4 protein chains.
Amino acid sequence: MTQKSEAKKQYILETARKVFADKGYKDVTMKDIVEACDISRGGLYLYFGSTEEIFLEILKEDTEGSDSAFEEAIRGKTSAEEILQLFLEEQKKELLAEDDTLSVATYEYGFLKKDESFLRAKFNEATRVIEYLIRLGCHQKKFHCRNAHKMAVNVMFLIEGLKISARTIRVTGEEVDDEIAFILEELRGS
Amino acid sequence: MTQKSEAKKQYILETARKVFADKGYKDVTMKDIVEACDISRGGLYLYFGSTEEIFLEILKEDTEGSDSAFEEAIRGKTSAEEILQLFLEEQKKELLAEDDTLSVATYEYGFLKKDESFLRAKFNEATRVIEYLIRLGCHQKKFHCRNAHKMAVNVMFLIEGLKISARTIRVTGEEVDDEIAFILEELRGS
Amino acid sequence: MTQKSEAKKQYILETARKVFADKGYKDVTMKDIVEACDISRGGLYLYFGSTEEIFLEILKEDTEGSDSAFEEAIRGKTSAEEILQLFLEEQKKELLAEDDTLSVATYEYGFLKKDESFLRAKFNEATRVIEYLIRLGCHQKKFHCRNAHKMAVNVMFLIEGLKISARTIRVTGEEVDDEIAFILEELRGS
Amino acid sequence: MTQKSEAKKQYILETARKVFADKGYKDVTMKDIVEACDISRGGLYLYFGSTEEIFLEILKEDTEGSDSAFEEAIRGKTSAEEILQLFLEEQKKELLAEDDTLSVATYEYGFLKKDESFLRAKFNEATRVIEYLIRLGCHQKKFHCRNAHKMAVNVMFLIEGLKISARTIRVTGEEVDDEIAFILEELRGS
DNA sequence: CATGAATGAGAGTTCATTCAT
DNA sequence: GATGAATGAACTCTCATTCAT
């Protein structure tokens, strides 16, 4: 693939991202993407064979992006507490964002492909990072926690619960704050 | 509507339930239901005008059913701890069930109608019951808890997190058990 | 057919009349009539086999009604001029009536069955009456006219032109008055 | 739209024209046109979204065609009498044509859309031209007429009457000739 | 007589996918 | 590479008509 066509591919991915953010996964048709990109029907097929192919590519890029962002954040700060708080605030922002979020599309895709390890891997990776932060916090004497791994998993499930609730029953900023406070208390607490 | 046709309506709802459990919400067409019920195209329209109408009716029946089951359980037991444990075990069973669960369909429907209060009402009702149980447990000196309401909400979000994870990244029995243990410890604990 | 069922038949015809006046001929379905009459689907078929059957029966009753009304009017008056003017005013009223007119339905039906002599017979009968009035008017020295038959036909075509225009491009009361004046001038005139 | 597809569009319009001439407006379905054109179901939708869209396009082309034909006729002749006679003969030919006429479809469409100004505009335009011819004829000392506008309107309504009668009760060549003679006498006469 | 559930044909419409240019 | 016309399958929804009760 030439440089030029690589640029077009990127353009399609960026544009399709908005479409998925807007309509979820299942409702997006190749036609939707063709129209959003303002390219020809056949043209899209030169780059991607299906909406799934496009969506997976977008997810892949996302994962890479968020990983590096996270790692950078960790490098910048020294206090585990601070980093965790930052992470949770980041989650809150995403949770409450109305547009431009792939979460609904990702869930819909997850329903279809629940046996593919992709999302599980993302979940595990995030858990691993939180666990690391918890351990670090314990080491820094800010957190107290008997089982860092279980605690991390608990935090992850809670975040998942907030995320899905934000997209189905809506969730207020206060509700999220309460849960964040809950997590931090627990870590600082007992 | 006569008795006979009422029976047929029930038959359609039961059959459609399996279809929704199998395919989620968005992918189910009237044709799917027609074929599953083995009735004529027009015949289905005598009873329901759209998949949404059918799905809502199923959800309604479900809610009523679970409500009364819950109330009965509360009447049967005296220990709040016991009832809560029962409730959590019930959730676990549903979580791990492979088939015959409407959770994916309900999420998909929730994505589409996130501003309708139906699912939120269900959430709030469940929260209210858990809060009641927590208070009861505190009164029975089995639980210790500063803010019963916040604790109940936390439990609900955690359950939501497990539920969605069960349908997207899969969740093991042990993971669920860990979370249940986590909740109970917390309540008994501090 | 018993007396009771004869009454029901009449009821159906009267109700269907409104439906045809409202929707024209082609768009009326058996379902429409069933619903307007608030009877059962099968019930209607006991009396009529199709919308055409119903419509024809309505038209037949209409023709009989208008014939006798006309004849009565002729008997009541002595001046041909007066009767003709009355007739033209009657046409005007029907022309401008918004609802409760079968004219659109009749045209639509006529398009489908242009070879059936029914409507032609109505036209000819009306022409005959007008011709009679013109002759009478000439005899009464109020009208002057070389060829009463041709004049009558001309009047009829003009009325038809106003009627169809009223249902397609709309026609104002003044426009109709102008045409009526035109006819009368011509008859009185030359 | 490319040249090629423009040609196809024209082909569809021409083919659909025959369908409308054959079946009127209301009974024509997209399927009818698809079959008449021998194209695919989806193919038709690339060009037109509904039978109404197609019909309006046909009417538009017709209007443009007849306008220019008329203007050319006026340019070619010098005598108003001659032109009017030509116009009336043209109307006669159309009136008596069995096939290939859109008049029934146009009436049916008019019934549905009686408040849209399209047909009224056509009527008014034609009236204007006739009025112009009458004035010209008066100026050329061939016609005598007190009120050219009212006379023109009268002629139009008469033509309308003949047109609708031709499609409902049938009309003979002699009947049309009689009416044409009637009009011309009147203009030459008084 | 009367009911209304049931059937199935048929129309509208949208898209994934292909392919000639 | 890129276009966009074309196809055909799939789905929604509505009725005429029948028939068991």
# chains A, B, ... in the order shown; residues from 1 in each chain; ligands from 1
call {"tool": "residues_around", "arguments": {"residues": "DA6 (chain F)", "least_positions_apart": "4", "cutoff": "12 Å", "atoms": "only C-alpha atoms (C1' of nucleotides)", "output": "PyMOL selection string"}}
result
(chain D and resi 5+8+39-47) or (chain E and resi 17-20)
call {"tool": "closest_atom_pairs", "arguments": {"of": "chain A", "to": "chain B", "cutoff": "8 Å", "atoms": "only C-alpha atoms", "output": "JSON lines"}}
result
{"residue": "A:Lys26", "atom": "CA", "partner": "B:Lys26", "partner_atom": "CA", "distance": 7.5}
{"residue": "A:Val104", "atom": "CA", "partner": "B:Phe111", "partner_atom": "CA", "distance": 6.9}
{"residue": "A:Tyr107", "atom": "CA", "partner": "B:Thr168", "partner_atom": "CA", "distance": 6.8}
{"residue": "A:Glu108", "atom": "CA", "partner": "B:Glu108", "partner_atom": "CA", "distance": 7.1}
{"residue": "A:Gly110", "atom": "CA", "partner": "B:Thr168", "partner_atom": "CA", "distance": 4.6}
{"residue": "A:Phe111", "atom": "CA", "partner": "B:Thr168", "partner_atom": "CA", "distance": 5.3}
{"residue": "A:Lys113", "atom": "CA", "partner": "B:Thr168", "partner_atom": "CA", "distance": 7.4}
{"residue": "A:Lys114", "atom": "CA", "partner": "B:Thr168", "partner_atom": "CA", "distance": 4.7}
{"residue": "A:Asp115", "atom": "CA", "partner": "B:Ile169", "partner_atom": "CA", "distance": 7.2}
{"residue": "A:Glu116", "atom": "CA", "partner": "B:Ile169", "partner_atom": "CA", "distance": 7.9}
{"residue": "A:Ser117", "atom": "CA", "partner": "B:Ile169", "partner_atom": "CA", "distance": 7.3}
{"residue": "A:Leu119", "atom": "CA", "partner": "B:Ile169", "partner_atom": "CA", "distance": 5.9}
{"residue": "A:Arg120", "atom": "CA", "partner": "B:Ile169", "partner_atom": "CA", "distance": 4.8}
{"residue": "A:Phe123", "atom": "CA", "partner": "B:Ile169", "partner_atom": "CA", "distance": 8.0}
{"residue": "A:Lys150", "atom": "CA", "partner": "B:Asp178", "partner_atom": "CA", "distance": 7.5}
{"residue": "A:Asn154", "atom": "CA", "partner": "B:Glu179", "partner_atom": "CA", "distance": 6.7}
{"residue": "A:Phe157", "atom": "CA", "partner": "B:Gly161", "partner_atom": "CA", "distance": 4.6}
{"residue": "A:Leu158", "atom": "CA", "partner": "B:Leu158", "partner_atom": "CA", "distance": 4.7}
{"residue": "A:Ile159", "atom": "CA", "partner": "B:Gly161", "partner_atom": "CA", "distance": 7.0}
{"residue": "A:Glu160", "atom": "CA", "partner": "B:Gly161", "partner_atom": "CA", "distance": 4.5}
{"residue": "A:Gly161", "atom": "CA", "partner": "B:Gly161", "partner_atom": "CA", "distance": 3.4}
{"residue": "A:Leu162", "atom": "CA", "partner": "B:Phe157", "partner_atom": "CA", "distance": 6.0}
{"residue": "A:Ile164", "atom": "CA", "partner": "B:Ile164", "partner_atom": "CA", "distance": 7.0}
{"residue": "A:Ser165", "atom": "CA", "partner": "B:Glu160", "partner_atom": "CA", "distance": 7.4}
{"residue": "A:Arg167", "atom": "CA", "partner": "B:Phe111", "partner_atom": "CA", "distance": 5.9}
{"residue": "A:Thr168", "atom": "CA", "partner": "B:Gly110", "partner_atom": "CA", "distance": 4.5}
{"residue": "A:Ile169", "atom": "CA", "partner": "B:Arg120", "partner_atom": "CA", "distance": 4.9}
{"residue": "A:Arg170", "atom": "CA", "partner": "B:Lys114", "partner_atom": "CA", "distance": 6.7}
{"residue": "A:Asp178", "atom": "CA", "partner": "B:Lys150", "partner_atom": "CA", "distance": 7.6}
{"residue": "A:Glu179", "atom": "CA", "partner": "B:Asn154", "partner_atom": "CA", "distance": 6.6}
{"residue": "A:Ser190", "atom": "CA", "partner": "B:Ser190", "partner_atom": "CA", "distance": 7.5}
call {"tool": "interface_residues", "arguments": {"of": "chain E", "to": "chain B", "cutoff": "12 Å", "atoms": "only C-alpha atoms (C1' of nucleotides)", "output": "list in words"}}
result
DT3, DG4, DA5, DA6, DT7, DG8 and DA9 of chain E
call {"tool": "write_last_selection", "arguments": {"atoms": "C-alpha atoms (C1' of nucleotides)", "output": "PDB file, in the first residue's frame"}}
result
ATOM      1  C1'  DT E   3     -67.404 -13.154  14.439  1.00  0.00           C
ATOM      2  C1'  DG E   4     -62.571 -12.349  14.120  1.00  0.00           C
ATOM      3  C1'  DA E   5     -58.366 -15.217  13.851  1.00  0.00           C
ATOM      4  C1'  DA E   6     -55.494 -16.790  10.282  1.00  0.00           C
ATOM      5  C1'  DT E   7     -53.251 -17.027   5.905  1.00  0.00           C
ATOM      6  C1'  DG E   8     -50.348 -15.547   2.193  1.00  0.00           C
ATOM      7  C1'  DA E   9     -49.617 -12.699  -1.564  1.00  0.00           C
TER       8       DA E   9
END
call {"tool": "select_by_dssp", "arguments": {"residues": "chain D", "states": "helix (DSSP H, G or I)", "output": "PyMOL selection string"}}
result
chain D and resi 3-23+30-37+41-47+51-76+80-96+103-112+117-139+148-168+173-188
call {"tool": "write_last_selection", "arguments": {"atoms": "C-alpha atoms", "output": "compact mmCIF listing (two decimals), in the first residue's frame"}}
result
# COMPACT_ATOMS: atom_id res chain seq x y z
CA GLN D 3 -24.43 10.76 -19.55
CA LYS D 4 -25.09 7.10 -19.51
CA SER D 5 -27.24 7.15 -16.43
CA GLU D 6 -29.03 10.18 -17.76
CA ALA D 7 -30.01 8.09 -20.76
CA LYS D 8 -31.28 5.39 -18.47
CA LYS D 9 -33.28 7.89 -16.54
CA GLN D 10 -34.90 8.98 -19.77
CA TYR D 11 -35.56 5.36 -20.63
CA ILE D 12 -37.26 4.82 -17.29
CA LEU D 13 -39.39 7.92 -17.75
CA GLU D 14 -40.48 6.86 -21.20
CA THR D 15 -41.29 3.36 -20.07
CA ALA D 16 -43.08 4.55 -16.95
CA ARG D 17 -45.10 6.90 -19.12
CA LYS D 18 -46.63 3.94 -20.88
CA VAL D 19 -47.39 2.33 -17.55
CA PHE D 20 -49.15 5.43 -16.26
CA ALA D 21 -51.02 5.79 -19.55
CA ASP D 22 -52.11 2.21 -19.15
CA LYS D 23 -53.02 2.03 -15.49
CA MET D 30 -42.76 0.72 -8.22
CA LYS D 31 -42.85 -2.96 -9.03
CA ASP D 32 -44.90 -2.29 -12.17
CA ILE D 33 -42.31 0.15 -13.39
CA VAL D 34 -39.43 -2.12 -12.46
CA GLU D 35 -40.99 -4.88 -14.48
CA ALA D 36 -41.86 -2.68 -17.43
CA CYS D 37 -38.29 -1.39 -17.53
CA ARG D 41 -35.89 -3.50 -7.85
CA GLY D 42 -33.07 -1.57 -6.28
CA GLY D 43 -32.01 -0.18 -9.62
CA LEU D 44 -35.12 1.92 -9.98
CA TYR D 45 -34.55 3.48 -6.57
CA LEU D 46 -31.23 4.81 -7.78
CA TYR D 47 -33.17 7.13 -10.03
CA THR D 51 -44.09 6.71 -8.27
CA GLU D 52 -45.03 10.28 -7.48
CA GLU D 53 -41.53 11.48 -8.18
CA ILE D 54 -41.57 9.68 -11.51
CA PHE D 55 -44.99 10.94 -12.44
CA LEU D 56 -44.16 14.53 -11.65
CA GLU D 57 -41.04 14.34 -13.76
CA ILE D 58 -43.09 13.00 -16.65
CA LEU D 59 -45.67 15.75 -16.24
CA LYS D 60 -42.93 18.35 -16.15
CA GLU D 61 -41.40 17.13 -19.38
CA ASP D 62 -44.83 17.05 -20.93
CA THR D 63 -45.60 20.60 -19.96
CA GLU D 64 -42.30 21.84 -21.33
CA GLY D 65 -42.86 19.92 -24.54
CA SER D 66 -46.36 21.19 -25.11
CA ASP D 67 -45.36 24.76 -24.28
CA SER D 68 -42.66 24.87 -26.88
CA ALA D 69 -44.84 23.10 -29.44
CA PHE D 70 -47.50 25.70 -28.88
CA GLU D 71 -45.13 28.61 -29.18
CA GLU D 72 -43.73 27.25 -32.37
CA ALA D 73 -47.21 26.89 -33.81
CA ILE D 74 -47.93 30.51 -32.94
CA ARG D 75 -44.72 31.63 -34.61
CA GLY D 76 -45.49 29.62 -37.74
CA ALA D 80 -55.32 33.63 -34.87
CA GLU D 81 -58.27 31.71 -36.21
CA GLU D 82 -55.98 29.21 -37.82
CA ILE D 83 -53.91 28.73 -34.69
CA LEU D 84 -56.93 28.30 -32.47
CA GLN D 85 -58.42 25.79 -34.84
CA LEU D 86 -55.15 23.93 -34.85
CA PHE D 87 -55.10 23.95 -31.07
CA LEU D 88 -58.63 22.63 -30.86
CA GLU D 89 -57.86 19.90 -33.38
CA GLU D 90 -54.86 18.95 -31.31
CA GLN D 91 -57.09 18.67 -28.27
CA LYS D 92 -59.50 16.52 -30.22
CA LYS D 93 -56.78 14.14 -31.27
CA GLU D 94 -55.63 13.75 -27.68
CA LEU D 95 -59.19 13.38 -26.49
CA LEU D 96 -59.94 10.53 -28.81
CA SER D 103 -55.05 12.23 -18.82
CA VAL D 104 -56.52 9.61 -16.52
CA ALA D 105 -53.34 9.44 -14.46
CA THR D 106 -53.25 13.23 -14.28
CA TYR D 107 -56.82 13.40 -13.04
CA GLU D 108 -56.13 10.77 -10.42
CA TYR D 109 -53.08 12.64 -9.33
CA GLY D 110 -55.09 15.84 -9.28
CA PHE D 111 -57.65 14.27 -6.96
CA LEU D 112 -54.93 13.49 -4.49
CA SER D 117 -50.81 24.62 -7.75
CA PHE D 118 -49.13 22.63 -10.47
CA LEU D 119 -52.22 21.68 -12.46
CA ARG D 120 -53.87 24.99 -11.80
CA ALA D 121 -50.80 26.71 -13.20
CA LYS D 122 -51.06 24.60 -16.35
CA PHE D 123 -54.72 25.52 -16.66
CA ASN D 124 -54.05 29.20 -16.20
CA GLU D 125 -51.21 29.18 -18.68
CA ALA D 126 -53.38 27.54 -21.30
CA THR D 127 -56.16 30.02 -20.58
CA ARG D 128 -53.74 32.87 -21.04
CA VAL D 129 -52.68 31.60 -24.44
CA ILE D 130 -56.28 31.16 -25.60
CA GLU D 131 -57.13 34.61 -24.37
CA TYR D 132 -54.19 35.95 -26.32
CA LEU D 133 -55.42 34.21 -29.46
CA ILE D 134 -58.93 35.53 -28.98
CA ARG D 135 -57.67 39.08 -28.64
CA LEU D 136 -55.47 38.61 -31.67
CA GLY D 137 -58.45 37.28 -33.62
CA CYS D 138 -60.55 40.26 -32.58
CA HIS D 139 -57.76 42.56 -33.69
CA ALA D 148 -61.81 37.77 -24.03
CA HIS D 149 -60.78 36.45 -20.63
CA LYS D 150 -64.18 35.02 -19.73
CA MET D 151 -64.50 33.51 -23.15
CA ALA D 152 -61.11 31.84 -22.80
CA VAL D 153 -62.05 30.42 -19.43
CA ASN D 154 -65.26 29.12 -20.91
CA VAL D 155 -63.36 27.40 -23.68
CA MET D 156 -61.01 25.81 -21.17
CA PHE D 157 -63.82 24.46 -19.01
CA LEU D 158 -65.50 23.07 -22.09
CA ILE D 159 -62.31 21.33 -23.15
CA GLU D 160 -61.96 19.97 -19.63
CA GLY D 161 -65.50 18.65 -19.85
CA LEU D 162 -64.74 16.90 -23.09
CA LYS D 163 -61.50 15.50 -21.72
CA ILE D 164 -63.00 14.01 -18.62
CA SER D 165 -65.99 12.71 -20.54
CA ALA D 166 -63.69 11.04 -23.03
CA ARG D 167 -62.20 9.04 -20.15
CA THR D 168 -65.41 8.21 -18.35
CA GLY D 173 -65.54 12.44 -32.89
CA GLU D 174 -68.80 14.08 -33.92
CA GLU D 175 -69.50 15.24 -30.41
CA VAL D 176 -66.09 16.86 -30.23
CA ASP D 177 -66.54 18.43 -33.64
CA ASP D 178 -69.87 19.86 -32.55
CA GLU D 179 -68.26 21.50 -29.56
CA ILE D 180 -65.38 22.89 -31.58
CA ALA D 181 -67.87 24.29 -34.05
CA PHE D 182 -69.80 25.75 -31.15
CA ILE D 183 -66.77 27.59 -29.87
CA LEU D 184 -65.75 28.97 -33.23
CA GLU D 185 -69.28 30.07 -34.10
CA GLU D 186 -69.49 31.91 -30.88
CA LEU D 187 -66.23 33.69 -31.49
CA ARG D 188 -67.03 34.56 -35.07
call {"tool": "closest_residue", "arguments": {"among": "F:DT7, F:DA20, F:DA2, F:DC15", "to": "chain A", "atoms": "only C-alpha atoms (C1' of nucleotides)"}}
result
F:DA2
call {"tool": "interface_residues", "arguments": {"of": "chain F", "to": "chain A", "cutoff": "12 Å", "atoms": "only C-alpha atoms (C1' of nucleotides)", "output": "list in words"}}
result
DG1, DA2, DT3, DG4 and DA5 of chain F
call {"tool": "decode", "arguments": {"residues": "chain E", "atoms": "C-alpha atoms (C1' of nucleotides)", "output": "JSON list (two decimals), in the first residue's frame"}}
result
[["chain", "number", "residue", "atom", "x", "y", "z"],
["E", 1, "DC", "C1'", -76.30, -14.78, 10.76],
["E", 2, "DA", "C1'", -72.03, -13.12, 12.79],
["E", 3, "DT", "C1'", -67.40, -13.15, 14.44],
["E", 4, "DG", "C1'", -62.57, -12.35, 14.12],
["E", 5, "DA", "C1'", -58.37, -15.22, 13.85],
["E", 6, "DA", "C1'", -55.49, -16.79, 10.28],
["E", 7, "DT", "C1'", -53.25, -17.03, 5.90],
["E", 8, "DG", "C1'", -50.35, -15.55, 2.19],
["E", 9, "DA", "C1'", -49.62, -12.70, -1.56],
["E", 10, "DG", "C1'", -47.61, -8.40, -2.73],
["E", 11, "DA", "C1'", -45.77, -3.65, -2.34],
["E", 12, "DG", "C1'", -42.21, -0.56, -0.46],
["E", 13, "DT", "C1'", -37.50, 0.08, 0.73],
["E", 14, "DT", "C1'", -32.63, -0.62, 1.97],
["E", 15, "DC", "C1'", -28.07, -2.48, 1.47],
["E", 16, "DA", "C1'", -23.96, -5.64, 0.80],
["E", 17, "DT", "C1'", -21.48, -6.75, -2.80],
["E", 18, "DT", "C1'", -19.90, -6.97, -7.56],
["E", 19, "DC", "C1'", -18.03, -5.29, -11.83],
["E", 20, "DA", "C1'", -17.41, -2.77, -16.14],
["E", 21, "DT", "C1'", -15.23, 1.38, -17.09]]
